[in-house]
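As provided, target-v6.txt (compact mmCIF, C-alpha atoms) reads as follows.
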# COMPACT_ATOMS: atom_id res chain seq x y z
CA MET A 1211 52.27 -161.92 92.84
CA SER A 1212 50.47 -163.25 89.80
CA GLY A 1213 46.71 -163.46 89.35
CA ALA A 1214 43.93 -161.19 88.17
CA SER A 1215 42.01 -158.34 89.70
CA GLY A 1216 38.36 -158.07 88.80
CA HIS A 1217 35.69 -155.46 89.27
CA TYR A 1218 32.02 -155.28 88.39
CA GLU A 1219 29.09 -153.14 89.31
CA LYS A 1220 25.34 -153.57 89.20
CA ARG A 1221 23.10 -150.65 88.38
CA LEU A 1222 19.46 -150.11 89.22
CA SER A 1223 18.41 -151.31 85.74
CA ASP A 1224 20.36 -154.57 86.22
CA LEU A 1225 18.15 -155.34 89.21
CA ASP A 1226 14.92 -155.20 87.20
CA GLY A 1227 12.54 -157.98 88.18
CA LEU A 1228 14.06 -158.62 91.59
CA TYR A 1229 11.75 -156.30 93.50
CA LEU A 1230 8.13 -156.77 94.48
CA ASP A 1231 7.11 -153.27 93.46
CA ASP A 1232 7.89 -152.92 89.74
CA ALA A 1233 6.31 -149.48 89.55
CA ALA A 1234 8.51 -148.23 92.40
CA HIS A 1235 11.56 -149.64 90.58
CA LYS A 1236 10.62 -147.76 87.38
CA ALA A 1237 9.88 -144.56 89.32
CA LEU A 1238 13.24 -144.75 91.12
CA LEU A 1239 15.03 -145.27 87.81
CA SER A 1240 13.47 -142.19 86.28
CA GLU A 1241 14.02 -140.15 89.44
CA LYS A 1242 17.63 -141.15 90.22
CA GLY A 1243 18.85 -142.35 86.85
CA ASP A 1244 20.63 -145.66 86.37
CA VAL A 1245 22.82 -145.37 89.48
CA VAL A 1246 25.26 -147.99 90.74
CA VAL A 1247 23.63 -150.04 93.53
CA TYR A 1248 26.58 -152.25 94.38
CA GLU A 1249 30.08 -152.99 93.23
CA VAL A 1250 32.45 -155.86 93.81
CA GLY A 1251 36.21 -155.86 93.54
CA ASP A 1252 38.08 -159.11 93.84
CA PHE A 1253 41.46 -160.73 93.52
CA ARG A 1254 41.71 -164.11 91.85
CA PRO A 1255 45.17 -165.60 92.30
CA SER A 1256 44.10 -168.69 90.34
CA ALA A 1257 41.03 -170.83 89.64
CA VAL A 1258 42.70 -173.95 91.00
CA ALA A 1259 40.84 -176.08 93.57
CA GLY A 1260 42.33 -175.32 96.99
CA ASP A 1261 43.17 -171.70 96.16
CA MET A 1262 41.02 -168.76 97.34
CA ILE A 1263 39.41 -165.66 95.88
CA PHE A 1264 38.84 -162.61 98.08
CA GLY A 1265 37.62 -159.05 97.76
CA LEU A 1266 35.35 -156.26 98.87
CA THR A 1267 31.70 -155.53 98.15
CA ARG A 1268 29.99 -152.16 98.62
CA MET A 1269 26.26 -151.46 98.40
CA VAL A 1270 24.59 -148.08 98.72
CA PRO A 1271 21.55 -147.76 100.99
CA GLY A 1272 18.09 -147.45 99.48
CA LEU A 1273 14.56 -148.75 99.09
CA VAL A 1274 12.49 -149.88 96.14
CA GLY A 1275 9.05 -149.31 97.55
CA GLU A 1276 9.37 -150.87 101.01
CA GLU A 1277 12.07 -153.36 99.99
CA PHE A 1278 15.73 -152.76 100.77
CA PHE A 1279 18.47 -152.65 98.16
CA LEU A 1280 19.94 -156.12 97.70
CA THR A 1281 22.32 -158.17 95.59
CA ARG A 1282 21.09 -160.63 92.97
CA GLY A 1283 22.16 -163.56 95.11
CA HIS A 1284 23.57 -166.90 94.09
CA ILE A 1285 24.49 -170.43 95.05
CA HIS A 1286 27.98 -171.61 94.22
CA ALA A 1287 28.17 -173.50 90.94
CA ASN A 1288 30.13 -176.09 92.92
CA ALA A 1289 27.33 -176.03 95.46
CA ASP A 1290 29.34 -177.49 98.36
CA ARG A 1291 31.66 -174.46 98.50
CA PRO A 1292 31.25 -172.07 101.45
CA GLU A 1293 31.96 -168.34 101.75
CA VAL A 1294 33.11 -166.09 104.57
CA TYR A 1295 31.91 -162.48 104.78
CA TYR A 1296 33.22 -159.90 107.19
CA GLY A 1297 31.37 -156.64 107.91
CA GLN A 1298 33.40 -153.44 107.51
CA LYS A 1299 30.93 -150.57 107.44
CA GLY A 1300 27.19 -150.06 107.65
CA HIS A 1301 24.42 -152.40 108.70
CA GLY A 1302 22.76 -155.10 106.70
CA LEU A 1303 22.07 -158.77 106.61
CA MET A 1304 22.88 -161.94 104.77
CA GLN A 1305 19.76 -163.72 103.60
CA LEU A 1306 20.46 -167.44 103.43
CA GLU A 1307 18.19 -170.05 101.86
CA SER A 1308 18.77 -173.78 101.81
CA PRO A 1309 17.87 -175.69 98.65
CA GLU A 1310 14.87 -177.06 100.61
CA GLY A 1311 13.65 -173.49 101.20
CA GLU A 1312 14.65 -172.77 104.79
CA THR A 1313 15.50 -169.11 105.41
CA ARG A 1314 18.15 -167.94 107.86
CA ILE A 1315 19.20 -164.37 108.49
CA VAL A 1316 22.58 -163.20 109.77
CA GLU A 1317 22.65 -159.55 110.74
CA ILE A 1318 25.88 -157.84 109.72
CA ALA A 1319 27.60 -154.88 111.30
CA PRO A 1320 31.29 -153.88 111.39
CA GLN A 1321 33.37 -156.88 112.56
CA THR A 1322 30.56 -159.39 112.18
CA VAL A 1323 31.78 -162.60 110.57
CA CYS A 1324 29.17 -164.39 108.47
CA TYR A 1325 29.89 -167.94 107.36
CA VAL A 1326 27.78 -169.13 104.43
CA PRO A 1327 27.72 -172.93 104.71
CA PRO A 1328 28.03 -175.19 101.68
CA PHE A 1329 24.77 -175.50 99.68
CA TRP A 1330 23.17 -172.27 100.94
CA ILE A 1331 21.90 -169.66 98.49
CA HIS A 1332 22.90 -166.21 99.71
CA ARG A 1333 22.14 -162.57 99.06
CA SER A 1334 23.13 -159.46 101.00
CA VAL A 1335 20.67 -156.71 101.88
CA ASN A 1336 21.50 -153.17 102.98
CA THR A 1337 19.05 -152.47 105.81
CA GLY A 1338 21.00 -149.46 107.07
CA SER A 1339 21.23 -145.80 106.18
CA GLU A 1340 24.81 -145.85 104.94
CA GLU A 1341 26.96 -147.85 102.56
CA LEU A 1342 27.23 -151.56 103.47
CA VAL A 1343 30.83 -152.74 103.01
CA MET A 1344 31.96 -156.34 103.47
CA MET A 1345 35.09 -158.28 102.78
CA PHE A 1346 34.62 -161.80 101.43
CA ALA A 1347 36.64 -164.92 100.70
CA TYR A 1348 35.68 -168.20 99.05
CA PRO A 1349 37.32 -171.22 97.44
CA ALA A 1350 38.72 -170.40 93.99
CA ASP A 1351 36.74 -173.16 92.27
CA SER A 1352 33.34 -172.13 93.72
CA GLY A 1353 31.74 -170.37 90.76
CA GLN A 1354 28.38 -168.61 90.90
CA ASP A 1355 24.97 -169.83 89.77
CA TYR A 1356 22.48 -166.94 89.72
CA GLY A 1357 19.82 -168.93 87.86
CA ILE A 1358 18.81 -170.96 90.91
CA ILE A 1359 16.98 -167.93 92.32
CA GLU A 1360 15.29 -167.04 89.03
CA ARG A 1361 14.07 -170.59 88.51
CA SER A 1362 12.27 -170.45 91.87
CA GLY A 1363 10.63 -167.09 91.21
CA GLY A 1364 12.99 -165.38 93.65
CA MET A 1365 14.04 -166.25 97.17
CA ARG A 1366 11.40 -167.52 99.54
CA HIS A 1367 11.28 -164.33 101.57
CA ARG A 1368 11.60 -160.62 100.89
CA VAL A 1369 13.29 -158.24 103.34
CA MET A 1370 11.03 -155.21 103.82
CA ARG A 1371 11.26 -152.08 105.92
CA ASN A 1372 9.56 -152.35 109.30
CA GLY A 1373 8.95 -148.99 110.91
CA GLN A 1374 11.76 -146.46 110.99
CA ASN A 1375 14.82 -148.63 111.57
CA GLY A 1376 13.69 -152.21 111.38
CA TRP A 1377 13.20 -154.95 108.84
CA ARG A 1378 10.85 -157.89 108.53
CA LEU A 1379 10.55 -160.97 106.35
CA VAL A 1380 7.59 -161.21 104.02
CA ASP A 1381 6.66 -164.34 102.07
CA ASN A 1382 7.47 -164.06 98.37
CA ALA A 1383 4.17 -165.08 96.74
CA ALA A 1384 5.96 -165.94 93.49
CA TYR A 1385 8.27 -168.47 95.17
CA LYS A 1386 8.10 -172.02 93.82
CA PRO A 1387 9.76 -174.60 96.07
CA ARG A 1388 12.42 -176.74 94.42
CA ALA A 1389 11.36 -180.29 93.58
CA ARG A 1390 12.98 -183.04 95.65
CA ALA A 1391 14.84 -184.24 92.54
CA VAL A 1392 16.35 -180.78 92.02
CA VAL A 1393 17.54 -180.65 95.62
CA ASP A 1394 18.94 -184.17 95.39
CA ALA A 1395 20.79 -183.37 92.17
CA LEU A 1396 22.41 -180.33 93.83
CA MET A 1397 23.59 -182.45 96.74
CA ARG A 1398 24.80 -185.27 94.50
CA ALA A 1399 26.74 -182.93 92.22
CA ALA A 1400 29.03 -182.22 95.15
CA ALA A 1401 29.69 -185.83 96.06
CA MET B 234 25.25 -174.36 112.38
CA SER B 235 27.37 -177.41 113.11
CA GLY B 236 31.16 -177.48 113.41
CA ALA B 237 33.70 -176.86 116.12
CA SER B 238 35.17 -173.80 117.75
CA GLY B 239 38.79 -173.96 118.72
CA HIS B 240 41.10 -171.82 120.77
CA TYR B 241 44.76 -172.02 121.67
CA GLU B 242 47.37 -169.74 123.09
CA LYS B 243 51.13 -169.60 123.05
CA ARG B 244 53.06 -168.41 126.06
CA LEU B 245 56.54 -166.99 126.26
CA SER B 246 57.94 -170.39 127.29
CA ASP B 247 56.38 -172.04 124.21
CA LEU B 248 58.48 -169.74 122.04
CA ASP B 249 61.77 -170.92 123.50
CA GLY B 250 64.41 -171.38 120.79
CA LEU B 251 62.76 -169.09 118.26
CA TYR B 252 64.68 -165.96 119.25
CA LEU B 253 68.25 -164.98 118.53
CA ASP B 254 68.89 -163.77 122.07
CA ASP B 255 68.31 -166.73 124.39
CA ALA B 256 69.46 -164.81 127.46
CA ALA B 257 66.97 -162.02 126.76
CA HIS B 258 64.23 -164.67 126.41
CA LYS B 259 65.12 -166.15 129.80
CA ALA B 260 65.35 -162.72 131.41
CA LEU B 261 61.95 -161.72 130.02
CA LEU B 262 60.43 -164.95 131.33
CA SER B 263 61.70 -164.33 134.82
CA GLU B 264 60.71 -160.66 134.69
CA LYS B 265 57.21 -160.99 133.20
CA GLY B 266 56.37 -164.59 134.01
CA ASP B 267 55.01 -167.01 131.44
CA VAL B 268 52.62 -164.55 129.81
CA VAL B 269 50.44 -165.24 126.78
CA VAL B 270 52.13 -163.89 123.65
CA TYR B 271 49.43 -164.75 121.14
CA GLU B 272 46.12 -166.53 120.95
CA VAL B 273 44.08 -167.90 118.10
CA GLY B 274 40.38 -168.57 118.00
CA ASP B 275 38.90 -170.34 115.03
CA PHE B 276 35.77 -171.89 113.67
CA ARG B 277 36.03 -175.18 111.82
CA PRO B 278 32.74 -176.04 110.12
CA SER B 279 34.30 -179.24 108.72
CA ALA B 280 37.63 -180.61 107.53
CA VAL B 281 36.25 -181.42 104.08
CA ALA B 282 38.20 -180.25 101.01
CA GLY B 283 36.42 -177.19 99.63
CA ASP B 284 35.22 -175.98 103.03
CA MET B 285 36.90 -173.13 104.93
CA ILE B 286 38.23 -172.43 108.42
CA PHE B 287 38.29 -168.87 109.75
CA GLY B 288 39.09 -167.01 112.94
CA LEU B 289 40.93 -164.28 114.75
CA THR B 290 44.52 -164.04 115.99
CA ARG B 291 45.79 -161.60 118.62
CA MET B 292 49.40 -160.97 119.57
CA VAL B 293 50.64 -158.63 122.27
CA PRO B 294 53.49 -156.21 121.47
CA GLY B 295 56.95 -156.88 122.80
CA LEU B 296 60.62 -157.50 122.16
CA VAL B 297 62.99 -160.32 123.02
CA GLY B 298 66.23 -158.44 122.93
CA GLU B 299 65.91 -156.47 119.68
CA GLU B 300 63.59 -159.02 118.02
CA PHE B 301 59.84 -158.48 117.84
CA PHE B 302 57.27 -160.89 119.21
CA LEU B 303 56.26 -163.35 116.52
CA THR B 304 54.27 -166.50 115.86
CA ARG B 305 55.97 -169.88 115.38
CA GLY B 306 55.11 -169.85 111.69
CA HIS B 307 54.18 -172.71 109.40
CA ILE B 308 53.63 -173.98 105.91
CA HIS B 309 50.36 -175.72 105.16
CA ALA B 310 50.60 -179.50 105.44
CA ASN B 311 48.86 -179.52 102.07
CA ALA B 312 51.45 -177.06 100.87
CA ASP B 313 49.46 -175.72 97.91
CA ARG B 314 46.79 -174.20 100.18
CA PRO B 315 46.73 -170.39 100.55
CA GLU B 316 45.56 -168.17 103.40
CA VAL B 317 43.99 -164.74 103.60
CA TYR B 318 44.73 -162.43 106.54
CA TYR B 319 42.97 -159.18 107.22
CA GLY B 320 44.35 -156.57 109.61
CA GLN B 321 42.01 -155.36 112.35
CA LYS B 322 44.10 -153.53 114.90
CA GLY B 323 47.73 -152.66 115.46
CA HIS B 324 50.70 -152.75 113.12
CA GLY B 325 52.79 -155.69 112.13
CA LEU B 326 53.93 -157.72 109.20
CA MET B 327 53.62 -161.08 107.57
CA GLN B 328 57.00 -162.65 106.96
CA LEU B 329 56.76 -164.94 103.93
CA GLU B 330 59.42 -167.39 102.81
CA SER B 331 59.29 -169.56 99.72
CA PRO B 332 60.62 -173.13 99.95
CA GLU B 333 63.63 -171.91 97.92
CA GLY B 334 64.36 -169.31 100.62
CA GLU B 335 63.07 -166.06 99.13
CA THR B 336 61.74 -163.64 101.78
CA ARG B 337 58.84 -161.28 101.19
CA ILE B 338 57.32 -158.92 103.73
CA VAL B 339 53.75 -157.62 103.73
CA GLU B 340 53.19 -154.79 106.21
CA ILE B 341 49.84 -155.09 107.96
CA ALA B 342 47.68 -152.34 109.41
CA PRO B 343 43.91 -152.16 109.95
CA GLN B 344 42.12 -153.08 106.70
CA THR B 345 45.23 -154.46 105.02
CA VAL B 346 44.52 -157.70 103.19
CA CYS B 347 47.44 -160.12 103.07
CA TYR B 348 47.24 -163.08 100.71
CA VAL B 349 49.64 -165.90 101.51
CA PRO B 350 50.13 -167.75 98.22
CA PRO B 351 50.29 -171.54 98.03
CA PHE B 352 53.68 -172.98 99.11
CA TRP B 353 54.81 -169.98 101.17
CA ILE B 354 55.90 -170.41 104.78
CA HIS B 355 54.43 -167.61 106.87
CA ARG B 356 54.78 -166.06 110.30
CA SER B 357 53.31 -162.86 111.71
CA VAL B 358 55.35 -160.31 113.64
CA ASN B 359 54.04 -157.55 115.88
CA THR B 360 56.21 -154.53 115.02
CA GLY B 361 53.84 -152.06 116.68
CA SER B 362 53.24 -150.80 120.19
CA GLU B 363 49.75 -152.28 120.61
CA GLU B 364 48.02 -155.61 120.14
CA LEU B 365 48.14 -156.93 116.56
CA VAL B 366 44.74 -158.40 115.62
CA MET B 367 44.03 -160.13 112.34
CA MET B 368 41.20 -162.14 110.90
CA PHE B 369 42.17 -165.14 108.80
CA ALA B 370 40.59 -167.71 106.50
CA TYR B 371 42.04 -170.77 104.78
CA PRO B 372 40.87 -173.96 103.10
CA ALA B 373 39.61 -176.52 105.61
CA ASP B 374 42.01 -179.23 104.42
CA SER B 375 45.15 -177.07 104.67
CA GLY B 376 46.70 -178.36 107.88
CA GLN B 377 49.82 -176.86 109.47
CA ASP B 378 53.41 -178.05 109.32
CA TYR B 379 55.54 -176.23 111.90
CA GLY B 380 58.53 -178.53 111.46
CA ILE B 381 59.57 -177.03 108.16
CA ILE B 382 60.95 -173.97 109.98
CA GLU B 383 62.73 -175.99 112.67
CA ARG B 384 64.39 -178.25 110.10
CA SER B 385 65.93 -175.17 108.44
CA GLY B 386 67.20 -173.67 111.69
CA GLY B 387 64.53 -170.99 111.59
CA MET B 388 63.35 -168.68 108.84
CA ARG B 389 65.99 -167.12 106.62
CA HIS B 390 65.59 -163.66 108.14
CA ARG B 391 64.87 -162.22 111.56
CA VAL B 392 62.76 -159.08 112.04
CA MET B 393 64.60 -156.75 114.41
CA ARG B 394 63.87 -153.31 115.80
CA ASN B 395 65.39 -150.47 113.80
CA GLY B 396 65.50 -147.21 115.72
CA GLN B 397 62.40 -146.08 117.56
CA ASN B 398 59.59 -147.15 115.24
CA GLY B 399 61.15 -149.15 112.48
CA TRP B 400 62.13 -152.71 111.67
CA ARG B 401 64.83 -154.32 109.58
CA LEU B 402 65.63 -157.78 108.29
CA VAL B 403 68.72 -159.47 109.58
CA ASP B 404 70.15 -162.70 108.15
CA ASN B 405 69.56 -165.70 110.39
CA ALA B 406 73.03 -167.23 110.68
CA ALA B 407 71.56 -170.60 111.68
CA TYR B 408 69.49 -170.88 108.50
CA LYS B 409 70.18 -173.92 106.34
CA PRO B 410 68.68 -173.68 102.83
CA ARG B 411 66.41 -176.55 101.82
CA ALA B 412 67.90 -179.06 99.43
CA ARG B 413 66.52 -179.06 95.89
CA ALA B 414 65.01 -182.50 96.51
CA VAL B 415 63.13 -181.21 99.56
CA VAL B 416 61.72 -178.30 97.58
CA ASP B 417 60.76 -180.58 94.70
CA ALA B 418 59.04 -183.01 97.06
CA LEU B 419 56.96 -180.18 98.55
CA MET B 420 55.86 -179.07 95.09
CA ARG B 421 55.14 -182.62 93.93
CA ALA B 422 53.07 -183.44 96.99
CA ALA B 423 50.53 -180.90 95.79
CA ALA B 424 50.29 -182.16 92.22
Do you think you could lay out the structure here as structure tokens?
Amino acid sequence: MSGASGHYEKRLSDLDGLYLDDAAHKALLSEKGDVVVYEVGDFRPSAVAGDMIFGLTRMVPGLVGEEFFLTRGHIHANADRPEVYYGQKGHGLMQLESPEGETRIVEIAPQTVCYVPPFWIHRSVNTGSEELVMMFAYPADSGQDYGIIERSGGMRHRVMRNGQNGWRLVDNAAYKPRARAVVDALMRAAA
Amino acid sequence: MSGASGHYEKRLSDLDGLYLDDAAHKALLSEKGDVVVYEVGDFRPSAVAGDMIFGLTRMVPGLVGEEFFLTRGHIHANADRPEVYYGQKGHGLMQLESPEGETRIVEIAPQTVCYVPPFWIHRSVNTGSEELVMMFAYPADSGQDYGIIERSGGMRHRVMRNGQNGWRLVDNAAYKPRARAVVDALMRAAA
């Protein structure tokens, strides 16, 4: 079989600026060192439209202040491309945000299938006490656009600890809704 | 979330003609009745190119003569579309055949990922003693062509029991290789 295998990891320092509590992020860095927060391994048979990329993502459990460890999050560069996640180990959630700013949460446990519809920004969050492991698959010509989250000052909500074993959504005060024209351009790009 | 959920099942009588030993097939039917051999549940968000369909397939264990229970098998109607399978339970294999007639076998156990490359005919076989359960995902505009196997008199090889716990490939005497023009047409259709 031809194709390429890829692997990348994100460390605590790579996630600077994503968390509400900057001081807690700095304190964790100096306490734990620049540890790996999550890693992704994938297989890319080709980049041809109609082919698929698939792989495994692993994220350690942890908190920055009261906010759970999370991935940077992205929308697909070809925004109308979906993604399928499949829980393997641990407990977490997929935080989904439409371009218009609607939030949906899919809780993920082993054998939970999570379908990320076309046009939805997505980020995974480890709300559990062990590693969160998921398999994923998406169309080979999807691409990733991480900037869409940065340009809005983050996602609309933050996922914070709620008591001992729970989570809650908190408004992200820095969030700037996307202008109608930006949303329209995203939708049009796919047509 | 919009979209459609689908479900179908194949019974022993639906698999008439697929097995080497017709008498054993008939005997099994009269002994067991027309039991369900495998069932497929899927979710089809849309049929749009670039979207994805995903679901779960379950196949009971069993033998027809010395030949393991299997699915009908297909090539994608848009032949350049791939598929990803992911083993959940049981032990089996994916029997892959290129249009030119090359056979490849991928053994499947829990947490085995099996990538079916574009243009490969594929069929799953339950070589184990329990239910074989796999998750799958493929591009929404793939489609299925079951006729390609019939037109060749079956797949090139049969998967037969080998001793207590093993399997072996046996040439299918009825197999007629595809003409060069047929192979070329399949490849061209995707271009």
Any chance you could tabulate, as JSON lines, the residues of chain A at most 9 Å from chain B with each one's nearest atom pair and distance in Å to one decimal, using all atoms listed in the file, in chain and rising number order?
{"residue": "A:Met1211", "atom": "CA", "partner": "B:Pro350", "partner_atom": "CA", "distance": 8.2}
{"residue": "A:Pro1255", "atom": "CA", "partner": "B:Pro350", "partner_atom": "CA", "distance": 8.0}
{"residue": "A:Ala1259", "atom": "CA", "partner": "B:Gly283", "partner_atom": "CA", "distance": 7.6}
{"residue": "A:Gly1260", "atom": "CA", "partner": "B:Arg314", "partner_atom": "CA", "distance": 5.6}
{"residue": "A:Asp1261", "atom": "CA", "partner": "B:Pro315", "partner_atom": "CA", "distance": 5.8}
{"residue": "A:Met1262", "atom": "CA", "partner": "B:Pro315", "partner_atom": "CA", "distance": 6.8}
{"residue": "A:Phe1264", "atom": "CA", "partner": "B:Val317", "partner_atom": "CA", "distance": 7.8}
{"residue": "A:Gly1265", "atom": "CA", "partner": "B:Val346", "partner_atom": "CA", "distance": 8.9}
{"residue": "A:Asp1290", "atom": "CA", "partner": "B:Gly283", "partner_atom": "CA", "distance": 7.2}
{"residue": "A:Arg1291", "atom": "CA", "partner": "B:Gly283", "partner_atom": "CA", "distance": 5.6}
{"residue": "A:Pro1292", "atom": "CA", "partner": "B:Asp284", "partner_atom": "CA", "distance": 5.8}
{"residue": "A:Glu1293", "atom": "CA", "partner": "B:Met285", "partner_atom": "CA", "distance": 7.6}
{"residue": "A:Val1294", "atom": "CA", "partner": "B:Phe287", "partner_atom": "CA", "distance": 7.8}
{"residue": "A:Gln1298", "atom": "CA", "partner": "B:Gln344", "partner_atom": "CA", "distance": 8.8}
{"residue": "A:Gln1321", "atom": "CA", "partner": "B:Gln321", "partner_atom": "CA", "distance": 8.8}
{"residue": "A:Val1323", "atom": "CA", "partner": "B:Gly288", "partner_atom": "CA", "distance": 8.9}
{"residue": "A:Tyr1325", "atom": "CA", "partner": "B:Phe287", "partner_atom": "CA", "distance": 8.8}
{"residue": "A:Pro1327", "atom": "CA", "partner": "B:Pro278", "partner_atom": "CA", "distance": 8.0}
{"residue": "A:Pro1328", "atom": "CA", "partner": "B:Asp284", "partner_atom": "CA", "distance": 7.4}
{"residue": "A:Ala1347", "atom": "CA", "partner": "B:Ala370", "partner_atom": "CA", "distance": 7.6}
{"residue": "A:Tyr1348", "atom": "CA", "partner": "B:Met285", "partner_atom": "CA", "distance": 7.8}
{"residue": "A:Pro1349", "atom": "CA", "partner": "B:Gly283", "partner_atom": "CA", "distance": 6.4}
{"residue": "A:Asp1351", "atom": "CA", "partner": "B:Gly283", "partner_atom": "CA", "distance": 8.4}
{"residue": "A:Ser1352", "atom": "CA", "partner": "B:Gly283", "partner_atom": "CA", "distance": 8.4}
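Excluding Ile381 of chain B and any residue on its chain fewer than 2 positions from it, the residues at most 9 Å away by all atoms listed in the file are B:His307, B:Ile308, B:Ile354, B:Asp378, B:Tyr379, B:Glu383, B:Arg384, B:Ser385, B:Gly387.
Atom CA of Ala1234 of chain A lies 14.3 Å from atom CA of Arg1371 of chain A.
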For segment 259-263 of chain B: contacts at 10 Å, only C-alpha atoms, fewer than 2 positions along chain excluded, given as a list in words: Arg244, Leu245, Ser246, Asp249, Asp254, Asp255, Ala256, Ala257, Lys265, Gly266, Asp267, Val268, Leu296, Val297 and Gly298 of chain B
Just want the 10 Å neighbourhood of segment 334-340 of chain B, counted on all atoms listed in the file, with same-chain residues fewer than 4 positions away dropped. Output as a ChimeraX atom specification. /B:320,324-330,345-349,353-355,357-358,360,385,388-390,392,402,408-411,416
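These residues, each with an atom at most 12 Å from (24.3, -147.1, 100.0) using all atoms listed in the file, are Val1245, Val1246, Val1247, Tyr1248, Glu1249, Thr1267, Arg1268, Met1269, Val1270, Pro1271, Gly1272, Leu1273, Phe1278, Phe1279, Leu1280, Lys1299, Gly1300, His1301, Gly1302, Val1335, Asn1336, Thr1337, Gly1338, Ser1339, Glu1340, Glu1341, Leu1342 and Val1343 of chain A.
Between atom CA of His309 of chain B and atom CA of Gly380 of chain B the interatomic distance comes to 10.7 Å.
Atom CA of Arg1378 of chain A to atom CA of Glu1276 of chain A spans 10.4 Å [interatomic distance, one decimal].
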Between A:Thr1281, A:Asn1372, A:Asn1382, A:Ser1308, which is the closest to Leu1396 of chain A once you count only C-alpha atoms? A:Ser1308
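Distance annotation: of B:Ile341, B:Ala280, B:Gly274, B:Glu264, the residue with the minimal separation from Lys243 of chain B is B:Gly274; atom set is only C-alpha atoms.
Taking all atoms listed in the file into account, Arg305 of chain B lies nearest to B:Ile382 out of the set B:Ile382, B:Gly376, B:Ala237, B:Tyr318.
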